[in-house]
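Printed here is my_file17.cif (mmCIF, C-alpha atoms):
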```cif
data_protein
#
loop_
_atom_site.label_atom_id
_atom_site.label_comp_id
_atom_site.auth_asym_id
_atom_site.auth_seq_id
_atom_site.Cartn_x
_atom_site.Cartn_y
_atom_site.Cartn_z
CA MET G 7 9.35 29.03 71.47
CA LEU G 8 12.91 28.99 72.84
CA LYS G 9 11.84 27.03 75.95
CA LYS G 10 10.13 24.47 73.73
CA LEU G 11 13.25 24.19 71.57
CA GLU G 12 15.43 23.71 74.64
CA ASP G 13 13.15 20.88 75.84
CA ILE G 14 13.33 19.24 72.40
CA GLU G 15 17.15 19.43 72.42
CA ASN G 16 17.25 17.83 75.89
CA LYS G 17 14.96 15.05 74.70
CA PHE G 18 17.17 14.57 71.64
CA GLU G 19 20.25 14.14 73.86
CA LYS G 20 18.42 11.59 76.04
CA LEU G 21 17.48 9.64 72.93
CA ASN G 22 21.15 9.68 71.86
CA ASP G 23 22.06 8.13 75.23
CA LEU G 24 19.33 5.52 74.92
CA LEU G 25 20.43 4.53 71.43
CA SER G 26 23.92 3.78 72.69
CA ASP G 27 22.60 1.75 75.66
CA PRO G 28 23.38 -1.99 75.14
CA ALA G 29 20.03 -2.98 76.70
CA VAL G 30 18.13 -0.84 74.19
CA ILE G 31 20.26 -2.07 71.27
CA ALA G 32 19.40 -5.65 72.28
CA ASN G 33 15.68 -4.86 72.08
CA GLN G 34 15.11 -4.08 68.41
CA ASN G 35 11.53 -2.86 68.88
CA ASP G 36 12.62 -0.23 71.43
CA PHE G 37 15.68 0.67 69.37
CA LYS G 38 13.60 1.27 66.21
CA ALA G 39 11.04 3.35 68.14
CA TYR G 40 13.75 5.56 69.70
CA ALA G 41 15.61 5.87 66.37
CA LYS G 42 12.40 6.97 64.62
CA GLU G 43 11.71 9.56 67.33
CA GLN G 44 15.27 10.85 67.13
CA SER G 45 15.06 11.07 63.33
CA GLU G 46 11.91 13.21 63.61
CA LEU G 47 13.60 15.59 66.08
CA THR G 48 16.89 15.86 64.15
CA PRO G 49 15.90 18.68 61.72
CA ILE G 50 14.46 20.75 64.58
CA VAL G 51 17.57 20.31 66.73
CA GLN G 52 19.88 21.13 63.81
CA GLN G 53 17.94 24.31 63.09
CA TYR G 54 17.88 25.28 66.79
CA ARG G 55 21.64 24.81 67.10
CA ALA G 56 22.12 26.94 64.00
CA LEU G 57 19.96 29.61 65.67
CA LYS G 58 22.11 29.51 68.83
CA LYS G 59 25.24 29.88 66.73
CA ILE G 60 23.75 32.94 64.99
CA ASP G 61 22.84 34.44 68.38
CA SER G 62 26.38 33.90 69.62
CA GLN G 63 27.84 35.58 66.52
CA LEU G 64 25.35 38.45 66.86
CA GLU G 65 26.41 39.04 70.45
CA GLU G 66 30.10 39.07 69.48
CA ASN G 67 29.54 41.58 66.68
CA GLU G 68 27.30 43.83 68.78
CA ASN G 69 29.95 43.89 71.52
CA LEU G 70 32.56 44.68 68.90
CA LEU G 71 30.46 47.63 67.73
CA LYS G 72 30.36 49.07 71.23
CA GLU G 73 34.15 48.82 71.65
CA GLU G 74 35.36 49.55 68.10
CA ASP G 75 36.88 52.99 67.40
CA ASP G 76 37.97 52.26 63.83
CA PRO G 77 35.11 53.46 61.53
CA GLU G 78 36.00 50.92 58.85
CA MET G 79 35.94 48.00 61.31
CA ALA G 80 32.71 49.33 62.84
CA ALA G 81 31.10 49.46 59.37
CA MET G 82 32.12 45.86 58.71
CA ALA G 83 30.73 44.76 62.08
CA MET G 84 27.47 46.62 61.38
CA GLU G 85 27.17 44.89 58.00
CA GLU G 86 27.73 41.53 59.68
CA VAL G 87 25.08 42.33 62.32
CA GLU G 88 22.49 43.15 59.64
CA SER G 89 23.33 39.95 57.76
CA LEU G 90 23.04 37.87 60.95
CA LYS G 91 19.72 39.47 61.85
CA GLN G 92 18.33 38.48 58.45
CA ALA G 93 19.69 34.95 58.87
CA ARG G 94 18.03 34.79 62.29
CA LEU G 95 14.63 35.77 60.86
CA GLU G 96 14.91 33.10 58.17
CA ASN G 97 15.99 30.52 60.73
CA GLU G 98 13.05 31.38 63.00
CA SER G 99 10.62 31.01 60.08
CA ARG G 100 11.97 27.55 59.30
CA LEU G 101 11.73 26.56 62.96
CA LYS G 102 8.11 27.70 63.18
CA VAL G 103 7.27 25.44 60.24
CA LEU G 104 9.16 22.51 61.80
CA LEU G 105 7.26 23.01 65.07
CA LEU G 106 3.83 22.92 63.41
CA PRO G 107 1.73 19.97 64.65
CA LYS G 108 2.43 17.02 62.40
CA ASP G 109 -0.42 15.49 60.41
CA PRO G 110 -0.34 11.88 61.70
CA ARG G 111 -1.28 10.72 58.20
CA ASP G 112 1.75 12.30 56.49
CA GLY G 113 3.90 9.16 56.59
CA LYS G 114 1.16 6.90 55.24
CA ASN G 115 0.93 5.25 51.86
CA VAL G 116 -1.86 6.42 49.56
CA ILE G 117 -4.90 5.15 47.72
CA MET G 118 -5.29 7.41 44.65
CA GLU G 119 -8.61 7.43 42.80
CA ILE G 120 -8.73 9.02 39.33
CA ARG G 121 -12.15 9.37 37.68
CA ALA G 122 -13.34 10.78 34.37
CA GLY G 123 -15.76 13.68 34.75
CA THR G 124 -17.23 15.92 32.08
CA GLY G 125 -15.88 15.32 28.58
CA GLY G 126 -16.66 11.68 27.80
CA ASP G 127 -13.87 9.84 25.95
CA GLU G 128 -11.55 12.84 26.15
CA ALA G 129 -11.87 12.90 29.97
CA ALA G 130 -11.14 9.15 30.06
CA LEU G 131 -8.03 9.67 27.93
CA PHE G 132 -6.87 12.45 30.25
CA CYS G 133 -7.30 10.05 33.19
CA ALA G 134 -4.71 7.85 31.48
CA ASP G 135 -2.40 10.86 30.98
CA VAL G 136 -2.67 11.89 34.64
CA PHE G 137 -2.10 8.29 35.76
CA ARG G 138 1.09 8.28 33.68
CA MET G 139 2.12 11.65 35.17
CA TYR G 140 1.83 10.39 38.74
CA SER G 141 3.46 7.06 37.83
CA ARG G 142 6.48 8.86 36.33
CA PHE G 143 6.74 11.10 39.40
CA SER G 144 6.59 8.00 41.64
CA GLU G 145 9.47 6.47 39.68
CA ARG G 146 11.52 9.66 40.17
CA VAL G 147 11.10 9.57 43.96
CA LYS G 148 11.44 5.76 44.23
CA TRP G 149 7.82 5.04 45.16
CA LYS G 150 6.04 1.84 44.19
CA THR G 151 2.69 2.03 42.35
CA GLU G 152 0.13 -0.75 41.94
CA ILE G 153 -3.16 -0.70 40.06
CA LEU G 154 -5.88 -1.85 42.45
CA SER G 155 -8.82 -1.40 40.11
CA ALA G 156 -9.24 -0.16 36.54
CA ASN G 157 -12.34 0.50 34.47
CA GLU G 158 -11.08 1.08 30.93
CA SER G 159 -12.91 3.04 28.25
CA ILE G 160 -13.27 1.73 24.69
CA LYS G 161 -10.82 4.29 23.26
CA GLY G 162 -7.95 3.43 25.59
CA GLY G 163 -8.44 5.74 28.56
CA TYR G 164 -9.94 5.04 31.97
CA LYS G 165 -13.40 5.80 33.30
CA GLU G 166 -11.98 5.06 36.76
CA LEU G 167 -8.57 4.02 38.04
CA ILE G 168 -7.60 3.21 41.63
CA LEU G 169 -3.91 3.01 42.56
CA GLY G 170 -1.94 2.06 45.62
CA ILE G 171 1.22 4.17 46.05
CA GLN G 172 3.82 3.11 48.60
CA GLY G 173 6.97 4.88 49.76
CA LYS G 174 8.40 7.56 52.01
CA ASP G 175 5.99 10.38 52.99
CA VAL G 176 3.61 9.67 50.10
CA PHE G 177 0.53 11.25 51.68
CA SER G 178 2.55 14.25 52.82
CA LYS G 179 3.59 15.02 49.23
CA LEU G 180 0.36 14.15 47.40
CA LYS G 181 -2.39 15.24 49.80
CA PHE G 182 -2.94 18.56 48.02
CA GLU G 183 -3.62 16.83 44.68
CA SER G 184 -7.26 16.10 45.56
CA GLY G 185 -9.81 17.95 43.48
CA THR G 186 -10.88 18.59 39.91
CA HIS G 187 -8.16 18.68 37.25
CA ARG G 188 -9.28 20.39 34.04
CA VAL G 189 -7.73 19.86 30.59
CA GLN G 190 -8.01 22.15 27.58
CA ARG G 191 -6.82 20.65 24.29
CA VAL G 192 -7.84 19.57 20.79
CA PRO G 193 -8.96 15.90 20.93
CA GLU G 194 -7.51 13.49 18.36
CA THR G 195 -11.03 12.91 17.04
CA GLU G 196 -11.69 16.65 16.52
CA THR G 197 -11.63 17.46 12.78
CA GLN G 198 -12.26 21.22 13.12
CA GLY G 199 -9.26 21.82 15.39
CA ARG G 200 -11.45 23.13 18.21
CA VAL G 201 -10.19 23.13 21.81
CA HIS G 202 -12.35 21.04 24.13
CA THR G 203 -12.49 21.40 27.92
CA SER G 204 -12.78 18.19 29.95
CA ALA G 205 -12.38 17.41 33.63
CA ILE G 206 -11.37 14.55 35.86
CA THR G 207 -11.31 14.20 39.63
CA VAL G 208 -8.44 12.97 41.77
CA ALA G 209 -8.92 11.79 45.35
CA ILE G 210 -6.00 11.08 47.67
CA LEU G 211 -6.79 8.81 50.62
CA PRO G 212 -4.27 7.77 53.28
CA GLU G 213 -4.08 3.99 53.13
CA ALA G 214 -5.85 2.46 56.14
CA GLU G 215 -4.37 -0.58 57.83
CA GLU G 216 -6.56 -3.09 59.66
CA VAL G 217 -5.52 -1.47 62.95
CA ASP G 218 -6.79 1.91 61.65
CA MET G 219 -10.17 0.68 60.44
CA THR G 220 -11.76 -2.60 61.50
CA ILE G 221 -14.67 -3.77 59.35
CA ASN G 222 -17.25 -6.10 60.85
CA PRO G 223 -17.62 -9.05 58.42
CA GLN G 224 -21.38 -9.02 59.10
CA ASP G 225 -21.52 -5.48 57.59
CA LEU G 226 -20.19 -6.76 54.25
CA LYS G 227 -22.10 -8.08 51.26
CA ILE G 228 -19.71 -9.95 48.95
CA ASP G 229 -20.56 -10.68 45.32
CA VAL G 230 -18.35 -12.59 42.91
CA PHE G 231 -18.72 -12.53 39.13
CA ARG G 232 -16.76 -12.89 35.90
CA SER G 233 -14.33 -10.11 34.98
CA SER G 234 -15.07 -8.06 31.88
CA GLY G 235 -12.96 -5.85 29.63
CA PRO G 236 -13.65 -2.49 27.98
CA GLY G 237 -17.21 -2.16 26.70
CA GLY G 238 -18.35 -5.22 28.61
CA GLN G 239 -16.13 -7.64 26.68
CA SER G 240 -15.65 -10.85 28.67
CA VAL G 241 -12.02 -11.50 29.57
CA ASN G 242 -12.39 -14.24 32.15
CA THR G 243 -14.21 -17.53 32.35
CA THR G 244 -14.08 -17.85 36.16
CA ASP G 245 -15.87 -15.91 38.90
CA SER G 246 -12.73 -14.04 40.04
CA ALA G 247 -14.07 -10.46 40.17
CA VAL G 248 -15.21 -9.26 43.60
CA ARG G 249 -17.71 -6.58 44.59
CA LEU G 250 -17.77 -5.51 48.24
CA THR G 251 -20.74 -3.56 49.59
CA HIS G 252 -20.44 -2.01 53.03
CA VAL G 253 -24.10 -2.22 54.05
CA PRO G 254 -24.16 0.48 56.81
CA THR G 255 -22.71 3.18 54.50
CA GLY G 256 -23.65 1.85 51.05
CA LEU G 257 -20.03 2.14 49.87
CA VAL G 258 -19.25 -0.23 46.99
CA VAL G 259 -15.79 -1.31 45.79
CA THR G 260 -15.20 -3.60 42.80
CA CYS G 261 -11.89 -5.22 41.87
CA GLN G 262 -11.43 -7.51 38.86
CA ASP G 263 -7.84 -7.00 37.66
CA GLU G 264 -6.37 -10.14 39.23
CA LYS G 265 -7.15 -13.68 38.06
CA SER G 266 -7.37 -14.73 41.71
CA GLN G 267 -10.62 -14.06 43.57
CA HIS G 268 -8.64 -13.91 46.83
CA LYS G 269 -6.29 -11.19 45.50
CA ASN G 270 -9.20 -9.15 44.15
CA LYS G 271 -10.94 -9.35 47.52
CA GLU G 272 -7.71 -8.30 49.29
CA LYS G 273 -7.33 -5.24 47.03
CA ALA G 274 -11.01 -4.32 47.40
CA MET G 275 -10.73 -4.50 51.20
CA LYS G 276 -7.70 -2.17 51.10
CA VAL G 277 -9.68 0.43 49.12
CA LEU G 278 -12.81 0.03 51.26
CA ARG G 279 -10.88 0.45 54.53
CA SER G 280 -9.25 3.63 53.22
CA ARG G 281 -12.57 5.10 52.02
CA LEU G 282 -14.26 4.33 55.35
CA LEU G 283 -11.39 5.87 57.33
CA ASP G 284 -11.45 8.93 55.08
CA GLU G 285 -15.21 9.29 55.62
CA GLU G 286 -14.83 8.93 59.38
CA GLN G 287 -12.06 11.55 59.48
CA ARG G 288 -14.09 13.90 57.28
CA LYS G 289 -17.00 13.74 59.73
CA GLN G 290 -14.68 14.41 62.67
CA GLN G 291 -13.18 17.39 60.87
CA GLU G 292 -16.58 18.85 60.08
CA GLU G 293 -17.72 18.42 63.67
CA THR G 294 -14.72 20.27 65.07
CA ALA G 295 -14.61 22.77 62.15
CA ARG G 296 -10.84 23.06 62.55
CA GLU G 297 -9.63 21.40 59.35
CA ARG G 298 -9.03 23.82 56.50
CA ARG G 299 -11.10 23.05 53.42
CA SER G 300 -8.14 21.98 51.35
CA GLN G 301 -7.43 18.41 52.38
CA VAL G 302 -8.78 15.07 51.27
CA GLY G 303 -12.10 14.57 52.98
CA SER G 304 -12.79 18.26 53.43
CA GLY G 305 -15.68 18.34 51.01
CA ASP G 306 -13.87 20.38 48.36
CA ARG G 307 -13.17 17.62 45.89
CA SER G 308 -15.47 19.17 43.31
CA GLU G 309 -13.40 22.35 43.35
CA ARG G 310 -11.27 23.02 40.26
CA ILE G 311 -7.71 23.03 41.50
CA ARG G 312 -5.63 22.91 38.31
CA THR G 313 -5.86 23.50 34.57
CA TYR G 314 -3.67 21.85 31.92
CA ASN G 315 -3.73 23.89 28.69
CA TYR G 316 -1.99 22.01 25.87
CA SER G 317 -2.07 24.71 23.17
CA GLN G 318 -0.32 27.17 25.52
CA GLU G 319 1.98 24.52 27.10
CA ARG G 320 0.63 25.87 30.39
CA VAL G 321 -0.28 24.42 33.79
CA THR G 322 -2.04 26.66 36.33
CA ASP G 323 -2.73 25.78 39.96
CA HIS G 324 -5.66 28.02 40.87
CA ARG G 325 -5.28 27.75 44.65
CA ILE G 326 -1.94 29.54 44.75
CA GLY G 327 -2.03 31.39 41.42
CA LEU G 328 0.96 29.41 40.10
CA THR G 329 1.41 29.21 36.31
CA LEU G 330 4.18 27.21 34.65
CA HIS G 331 4.77 27.06 30.88
CA LYS G 332 6.28 23.56 30.91
CA LEU G 333 3.31 21.24 30.52
CA THR G 334 5.29 18.57 28.63
CA GLN G 335 7.79 18.14 31.48
CA ILE G 336 5.02 18.13 34.09
CA MET G 337 3.07 15.42 32.25
CA GLU G 338 6.34 13.42 32.27
CA GLY G 339 6.30 13.51 36.08
CA ASP G 340 8.28 16.70 36.77
CA LEU G 341 5.93 17.74 39.58
CA GLU G 342 8.35 19.21 42.13
CA GLU G 343 7.77 22.80 40.96
CA ILE G 344 4.07 22.40 41.74
CA LEU G 345 4.14 20.22 44.86
CA GLU G 346 6.77 22.24 46.76
CA PRO G 347 5.05 25.68 46.40
CA LEU G 348 1.75 24.05 47.41
CA ALA G 349 3.31 22.60 50.57
CA LEU G 350 4.86 25.99 51.45
CA HIS G 351 1.54 27.77 50.86
CA PHE G 352 -0.40 25.48 53.18
CA GLN G 353 2.38 25.63 55.79
CA ALA G 354 2.06 29.43 55.74
CA GLU G 355 -1.72 29.10 56.13
CA ALA G 356 -1.19 26.78 59.09
CA LEU G 357 1.21 29.28 60.70
CA LYS G 358 -1.45 32.01 60.43
CA SER G 359 -3.98 29.89 62.29
CA ASN G 360 -1.56 28.90 65.09
#
```

Please express the file's structure as structure tokens.
Amino acid sequence: MLKKLEDIENKFEKLNDLLSDPAVIANQNDFKAYAKEQSELTPIVQQYRALKKIDSQLEENENLLKEEDDPEMAAMAMEEVESLKQARLENESRLKVLLLPKDPRDGKNVIMEIRAGTGGDEAALFCADVFRMYSRFSERVKWKTEILSANESIKGGYKELILGIQGKDVFSKLKFESGTHRVQRVPETETQGRVHTSAITVAILPEAEEVDMTINPQDLKIDVFRSSGPGGQSVNTTDSAVRLTHVPTGLVVTCQDEKSQHKNKEKAMKVLRSRLLDEEQRKQQEETARERRSQVGSGDRSERIRTYNYSQERVTDHRIGLTLHKLTQIMEGDLEEILEPLALHFQAEALKSN
């Protein structure tokens, strides 16, 4: 590991030199590429330099121990050595995480699909609550959200909702949200006060650009029709809604939220590209059998990952055994206490398999 860290530090220094080279500064494309690479290496180099400083202090204190005759000074040096050894272990752990192979999708924007499952109207209402939860979290971290497609239920929830979320490291932070989210609460329509259990599914897809996934126009069947509201109520008098069918796979995407047929088609293409890329990556992962069954596209979307219990003000993530009694704050977008432990858990799993 130390040899690898030394090579990374050398590369970091070369990038520093390049970024101060007038010829590179004049070429903005090269400058941005080098700056991005340097930015990615910065946390590793900082941690490595901290490790070298600890090693230097350890050596000084160990030498002091060998030469020191004063018992009190020797005891202080010994205490410092033990403290430095602990700091070194923690530093090494952080470095191992930083050196893990990066998921190339981590920096991508996200297509989030939220669908009502078992529970009828109550599941649809919970879709709206979860949409609000992720929207509030996005506001907190300065991400931009956009509704790409919405199929509303009569009572105000959503049978299906597809969002685009844009910002820094969106996929990296949200990729473990895929799966079945279960809610336990008394519905507003329940007169006996009985707790009902409903479920929705969340899918997180890295947004695919045209360069990531090219679709042959001949593989597409395009239908246009009039938009409709909840319960089939007509809301548009022009054929602005668009349904795309990818004939080879049978995938269908419908968008009708915009008044412009062109905009609806553009949004539908964005969703279709992301679904096709996700499907392609899922097949590759299954063929190589190296991807852990916890990511989007791993086939575990039907797995219950989290329960939201309203009467107990409790949220439980079943994958890591985490329970928090602060459901109200979480539904308001306070998700850090769930997302961070999840990321640490899967980093630890990745370290085991390396």

Translate the PyMOL selection byres ((chain G and resi 48) around 12) into a concrete residue list for this structure, as a PDB file with C-alpha atoms, keeping the file's coordinate frame.
```
ATOM      1  CA  LEU G  11      13.250  24.190  71.570  1.00  0.00           C
ATOM      2  CA  ILE G  14      13.330  19.240  72.400  1.00  0.00           C
ATOM      3  CA  GLU G  15      17.150  19.430  72.420  1.00  0.00           C
ATOM      4  CA  ASN G  16      17.250  17.830  75.890  1.00  0.00           C
ATOM      5  CA  LYS G  17      14.960  15.050  74.700  1.00  0.00           C
ATOM      6  CA  PHE G  18      17.170  14.570  71.640  1.00  0.00           C
ATOM      7  CA  GLU G  19      20.250  14.140  73.860  1.00  0.00           C
ATOM      8  CA  LEU G  21      17.480   9.640  72.930  1.00  0.00           C
ATOM      9  CA  ASN G  22      21.150   9.680  71.860  1.00  0.00           C
ATOM     10  CA  ALA G  41      15.610   5.870  66.370  1.00  0.00           C
ATOM     11  CA  LYS G  42      12.400   6.970  64.620  1.00  0.00           C
ATOM     12  CA  GLU G  43      11.710   9.560  67.330  1.00  0.00           C
ATOM     13  CA  GLN G  44      15.270  10.850  67.130  1.00  0.00           C
ATOM     14  CA  SER G  45      15.060  11.070  63.330  1.00  0.00           C
ATOM     15  CA  GLU G  46      11.910  13.210  63.610  1.00  0.00           C
ATOM     16  CA  LEU G  47      13.600  15.590  66.080  1.00  0.00           C
ATOM     17  CA  PRO G  49      15.900  18.680  61.720  1.00  0.00           C
ATOM     18  CA  ILE G  50      14.460  20.750  64.580  1.00  0.00           C
ATOM     19  CA  VAL G  51      17.570  20.310  66.730  1.00  0.00           C
ATOM     20  CA  GLN G  52      19.880  21.130  63.810  1.00  0.00           C
ATOM     21  CA  GLN G  53      17.940  24.310  63.090  1.00  0.00           C
ATOM     22  CA  TYR G  54      17.880  25.280  66.790  1.00  0.00           C
ATOM     23  CA  ARG G  55      21.640  24.810  67.100  1.00  0.00           C
ATOM     24  CA  LEU G 101      11.730  26.560  62.960  1.00  0.00           C
ATOM     25  CA  LEU G 104       9.160  22.510  61.800  1.00  0.00           C
TER      26      LEU G 104
END
```

In Å, rounded to a single decimal, give me how far CA of Leu71 (chain G) is from CA of Leu8 (chain G).
26.1 Å

Which of these, G:Gln335, G:Leu348, G:His324, G:Ser317, has the shortest distance to Arg200 (chain G) once you count all atoms listed in the file?
G:Ser317

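Considering the residues G:Asp135, G:His252, G:Lys174, G:Arg121 and counting all atoms listed in the file, Ala209 (chain G) has its shortest atom-to-atom contact with G:Arg121.
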
Quick check, in Å to one decimal: how far apart do CA of Ser178 (chain G) and CA of Gly113 (chain G) lie?
6.5 Å

Explicit residue set for the PyMOL selection byres ((chain G and resi 279) around 12), as a ChimeraX atom specification
/G:116-117,211-222,226,250-252,257-259,272-278,280-286

On this file, the PyMOL selection byres ((chain G and resi 208) around 9) gives some set of residues; write that set as a ChimeraX atom specification.
/G:118-121,183-187,206-207,209-210,307

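Nearest to Pro223 (chain G) of all the residues G:Gly123, G:Gly170, G:Pro28, G:Pro254 is G:Pro254, counting only C-alpha atoms.
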
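Distances here use all atoms listed in the file; by that measure, the residue among G:Gln92, G:Arg111, G:Gln63, G:Thr197 closest to Gln287 (chain G) is G:Arg111.
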
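Within the 7 Å cut-off around region 339-346 of chain G, using all atoms listed in the file and omitting residues fewer than 3 positions from it on the same chain, the listed residues are Met139, Tyr140, Arg142, Phe143, Lys179, Gln335, Ile336, Ala349 and Leu350 of chain G.
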
In Å, how far is it from CA of Lys9 (chain G) to CA of Leu106 (chain G)?
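Rounded to one decimal, the two atoms are 15.4 Å apart.
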
I'd like to know which of G:Lys269, G:His202, G:Lys20, G:His351 is closest to Arg188 (chain G), using all atoms listed in the file.
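So, comparing all the options, the nearest one is G:His202.
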
Mind checking which residues fall within 9 Å of Lys91 (chain G), counting all atoms listed in the file, ignoring those fewer than 4 positions away in the same chain, and posting them as a CSV table (one decimal) with C-alpha atoms, in the coordinates of the input?
```csv
chain,number,residue,atom,x,y,z
G,60,ILE,CA,23.8,32.9,65.0
G,61,ASP,CA,22.8,34.4,68.4
G,64,LEU,CA,25.4,38.4,66.9
G,86,GLU,CA,27.7,41.5,59.7
G,87,VAL,CA,25.1,42.3,62.3
G,95,LEU,CA,14.6,35.8,60.9
G,96,GLU,CA,14.9,33.1,58.2
```

Shortest interatomic distance to Lys148 (chain G) - which of G:Ala81, G:Lys161, G:Gln172, G:Phe37, counting only C-alpha atoms
G:Gln172

For Asp229 (chain G), please output as JSON, numbers by chain all residues within 9 Å (counting only C-alpha atoms; exclusion window: fewer than 2 positions along the same chain).
{"G": [227, 231, 247, 248, 249, 250, 251]}
